[in-house]
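Below you'll find the structure, written out as structure tokens, and then a few comments.
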Amino acid sequence: LFIDKSFDYSILTKAIKLLGKKNSKSTLVNIGAHIGSTCIPAIKKNNFKNLIAFEPTRRNFRLLKANIFINEIDDRAQVYNFAISNKKTNLYLGTKEGNSGGNRIVKNKQKNTEIVKSDILDNYTYNLNKNNSLIFMDVEGHEPNIFLGAKKTIKKKIPIVFEFYPSLLDKNWIKNFDLVFKNYKFFYDLRGKNRKEKFNKKNLIALINKVNSI
């Protein structure tokens with residue numbers, strides 16, 4: 001990060017262009033903020049005025065807070081040391097040695113796990129709407145669970161950028177997308193040519209096939 005300056009920031013900048021002038025870009029909501037590798041450049045470069053960030057692992061969270069402080073954006077950032085999920089509870093987070101950004105929620109306690117607290121996204125988006133914010137999440141396959149705890153947020157149609165990683169999703173994941181399909185009409189593959197496509201099960205499954213073929 002010291003060399004590259006950021007991680008996935010180029011993906012975020014593509015999304016910012018797609019938001020257009022209608023969105024005031026007041027607040028960036030970063031779920032799975034890691035150590036600030038995407039969200040800090042966004043605030044530092046004034047792509048967004050304010051930041052709401054969530055990072056469940058204790059070590060990453062401490063580094064996130066430190067990085068926010070040394071980049072002098074602490075007066076513009078709200079940071080929380082827990083996961084966002086479908087309910088308020090305790091979860092198991094599997095950690096990866098040598099890849100602090102590859103941690104993910106797991107069903108059972110394993111060798112390298114820590115217990116983390118969780119909350120739902122709706123509790124933090126009541127002042128946000130589709131014209132003043134963007135949600136950016138990188139949660140290693142936990143996206144469907146987050147959507148289940150974001151019913152009010154989804155109905156507001158707040159723009160969302162999320163990592164689509166089919167092999168990390170469980171068998172019933174697509175059922176948890178029903179409310180998302182109902183409220184969002186289009187999507188863009190930000191790794192591709194930014195082509196606008198209808199957001200439905202058929203096109204999402206086609207994207208799975210495309211990803212798997214690669």
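Just remember, in the structure tokens the first chain shown is A, the second B, etc., residues are 1-based per chain, and ligands are 1-based in the order shown.
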
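The protein and nucleic acid residues lying at most 10 Å from Leu19 in chain A are Thr13, Lys14, Ser24, Lys25, Lys130, Asn131, Asn132, Ser133, Leu134 and Pro159 of chain A, with only C-alpha atoms considered and sequence neighbours fewer than 5 positions away removed.
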
Original post:
Which residues, written as JSON, numbers by chain, have at least one atom at most 9 Å from Phe164 in chain A, with only C-alpha atoms counted and residues fewer than 5 positions away on the same chain left out?
Top reply: {"A": [138, 140, 141, 143, 169, 208]}

Mind writing the picked residues with C-alpha atoms as a PDB file, in the first residue's frame?
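Output contents, as saved in again13.pdb:
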ATOM      1  CA  ASP A 138     -15.795  -5.697   0.116  1.00  0.00           C
ATOM      2  CA  GLU A 140     -15.746 -11.734   0.865  1.00  0.00           C
ATOM      3  CA  GLY A 141     -19.123 -13.365   0.103  1.00  0.00           C
ATOM      4  CA  GLU A 143     -23.005  -9.482   0.736  1.00  0.00           C
ATOM      5  CA  LEU A 169     -21.338 -17.424  -1.913  1.00  0.00           C
ATOM      6  CA  ILE A 208     -21.134 -15.866 -12.884  1.00  0.00           C
TER       7      ILE A 208
END

Original post:
Which residue, A:Lys171, A:Arg76, A:Lys185, A:Lys17, has the smallest gap to Cys39 in chain A when you use only C-alpha atoms?
Top reply: A:Arg76

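Proximity ranking of A:Phe82, A:Tyr126, A:Phe54, A:Phe7 relative to Thr38 in chain A places A:Phe7 first, based on only C-alpha atoms.
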
Subject >> Spatial neighbours of Phe186 in chain A, 10 Å, only C-alpha atoms, chain gap at least 3 places, as a PyMOL selection string >> reply: chain A and resi 181+183+195-200

Keeping only all heavy atoms, write those residues as an mmCIF file, in the first residue's frame.
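Writing the result to again_3.cif gives the following:
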data_model
loop_
_atom_site.group_PDB
_atom_site.id
_atom_site.type_symbol
_atom_site.label_atom_id
_atom_site.label_comp_id
_atom_site.auth_asym_id
_atom_site.auth_seq_id
_atom_site.Cartn_x
_atom_site.Cartn_y
_atom_site.Cartn_z
ATOM 1 N N PHE A 181 -33.067 -7.064 -6.429
ATOM 2 C CA PHE A 181 -33.598 -7.145 -7.792
ATOM 3 C C PHE A 181 -34.840 -6.268 -7.950
ATOM 4 O O PHE A 181 -35.058 -5.642 -8.991
ATOM 5 C CB PHE A 181 -33.961 -8.587 -8.144
ATOM 6 C CG PHE A 181 -32.769 -9.483 -8.373
ATOM 7 C CD1 PHE A 181 -32.696 -10.732 -7.765
ATOM 8 C CD2 PHE A 181 -31.730 -9.095 -9.202
ATOM 9 C CE1 PHE A 181 -31.610 -11.566 -7.973
ATOM 10 C CE2 PHE A 181 -30.641 -9.925 -9.420
ATOM 11 C CZ PHE A 181 -30.579 -11.165 -8.806
ATOM 12 N N ASN A 183 -35.625 -3.474 -6.374
ATOM 13 C CA ASN A 183 -35.429 -2.028 -6.236
ATOM 14 C C ASN A 183 -34.362 -1.428 -7.147
ATOM 15 O O ASN A 183 -34.347 -0.214 -7.350
ATOM 16 C CB ASN A 183 -35.102 -1.698 -4.780
ATOM 17 C CG ASN A 183 -36.315 -1.799 -3.880
ATOM 18 O OD1 ASN A 183 -37.124 -0.874 -3.801
ATOM 19 N ND2 ASN A 183 -36.467 -2.938 -3.214
ATOM 20 N N ARG A 195 -20.547 -1.309 -19.126
ATOM 21 C CA ARG A 195 -21.768 -1.371 -19.917
ATOM 22 C C ARG A 195 -22.978 -1.521 -18.994
ATOM 23 O O ARG A 195 -22.977 -2.356 -18.089
ATOM 24 C CB ARG A 195 -21.708 -2.550 -20.899
ATOM 25 C CG ARG A 195 -22.847 -2.572 -21.913
ATOM 26 C CD ARG A 195 -22.607 -3.647 -22.943
ATOM 27 N NE ARG A 195 -22.570 -4.971 -22.336
ATOM 28 C CZ ARG A 195 -22.108 -6.062 -22.934
ATOM 29 N NH1 ARG A 195 -21.595 -5.958 -24.150
ATOM 30 N NH2 ARG A 195 -22.114 -7.223 -22.326
ATOM 31 N N LYS A 196 -23.974 -0.712 -19.224
ATOM 32 C CA LYS A 196 -25.181 -0.741 -18.412
ATOM 33 C C LYS A 196 -26.019 -1.967 -18.768
ATOM 34 O O LYS A 196 -26.347 -2.183 -19.931
ATOM 35 C CB LYS A 196 -25.985 0.533 -18.664
ATOM 36 C CG LYS A 196 -27.153 0.760 -17.736
ATOM 37 C CD LYS A 196 -27.785 2.118 -18.056
ATOM 38 C CE LYS A 196 -28.907 2.447 -17.114
ATOM 39 N NZ LYS A 196 -29.503 3.779 -17.427
ATOM 40 N N GLU A 197 -26.351 -2.792 -17.753
ATOM 41 C CA GLU A 197 -27.132 -4.002 -17.985
ATOM 42 C C GLU A 197 -28.296 -4.084 -17.002
ATOM 43 O O GLU A 197 -28.230 -3.541 -15.898
ATOM 44 C CB GLU A 197 -26.241 -5.235 -17.826
ATOM 45 C CG GLU A 197 -25.101 -5.300 -18.832
ATOM 46 C CD GLU A 197 -24.305 -6.588 -18.705
ATOM 47 O OE1 GLU A 197 -24.916 -7.663 -18.824
ATOM 48 O OE2 GLU A 197 -23.089 -6.514 -18.462
ATOM 49 N N LYS A 198 -29.356 -4.746 -17.406
ATOM 50 C CA LYS A 198 -30.497 -4.929 -16.522
ATOM 51 C C LYS A 198 -30.097 -5.818 -15.348
ATOM 52 O O LYS A 198 -29.438 -6.837 -15.526
ATOM 53 C CB LYS A 198 -31.672 -5.550 -17.281
ATOM 54 C CG LYS A 198 -32.359 -4.584 -18.235
ATOM 55 C CD LYS A 198 -33.602 -5.209 -18.848
ATOM 56 C CE LYS A 198 -34.304 -4.210 -19.747
ATOM 57 N NZ LYS A 198 -35.534 -4.787 -20.353
ATOM 58 N N PHE A 199 -30.515 -5.406 -14.154
ATOM 59 C CA PHE A 199 -30.145 -6.146 -12.954
ATOM 60 C C PHE A 199 -31.223 -7.180 -12.644
ATOM 61 O O PHE A 199 -32.279 -6.857 -12.103
ATOM 62 C CB PHE A 199 -29.972 -5.179 -11.781
ATOM 63 C CG PHE A 199 -29.344 -5.816 -10.568
ATOM 64 C CD1 PHE A 199 -28.117 -6.450 -10.657
ATOM 65 C CD2 PHE A 199 -29.970 -5.776 -9.334
ATOM 66 C CE1 PHE A 199 -27.529 -7.029 -9.544
ATOM 67 C CE2 PHE A 199 -29.391 -6.357 -8.210
ATOM 68 C CZ PHE A 199 -28.166 -6.985 -8.324
ATOM 69 N N ASN A 200 -30.961 -8.421 -13.044
ATOM 70 C CA ASN A 200 -31.904 -9.511 -12.790
ATOM 71 C C ASN A 200 -31.126 -10.821 -12.638
ATOM 72 O O ASN A 200 -29.907 -10.862 -12.827
ATOM 73 C CB ASN A 200 -32.941 -9.610 -13.914
ATOM 74 C CG ASN A 200 -32.302 -9.708 -15.301
ATOM 75 O OD1 ASN A 200 -31.276 -10.367 -15.479
ATOM 76 N ND2 ASN A 200 -32.896 -9.050 -16.282
#

Original post:
What is the CA of Asp8 in chain A to CA of Phe136 in chain A distance in Å?
Top reply: 10.3 Å

**OP:** Fewer than 6 positions away in the same chain doesn't count, so skip those; otherwise give me all residues within 7 Å of Lys88 in chain A, counting only C-alpha atoms, as an NGL selection string.
**Re:** :A and (118-120)
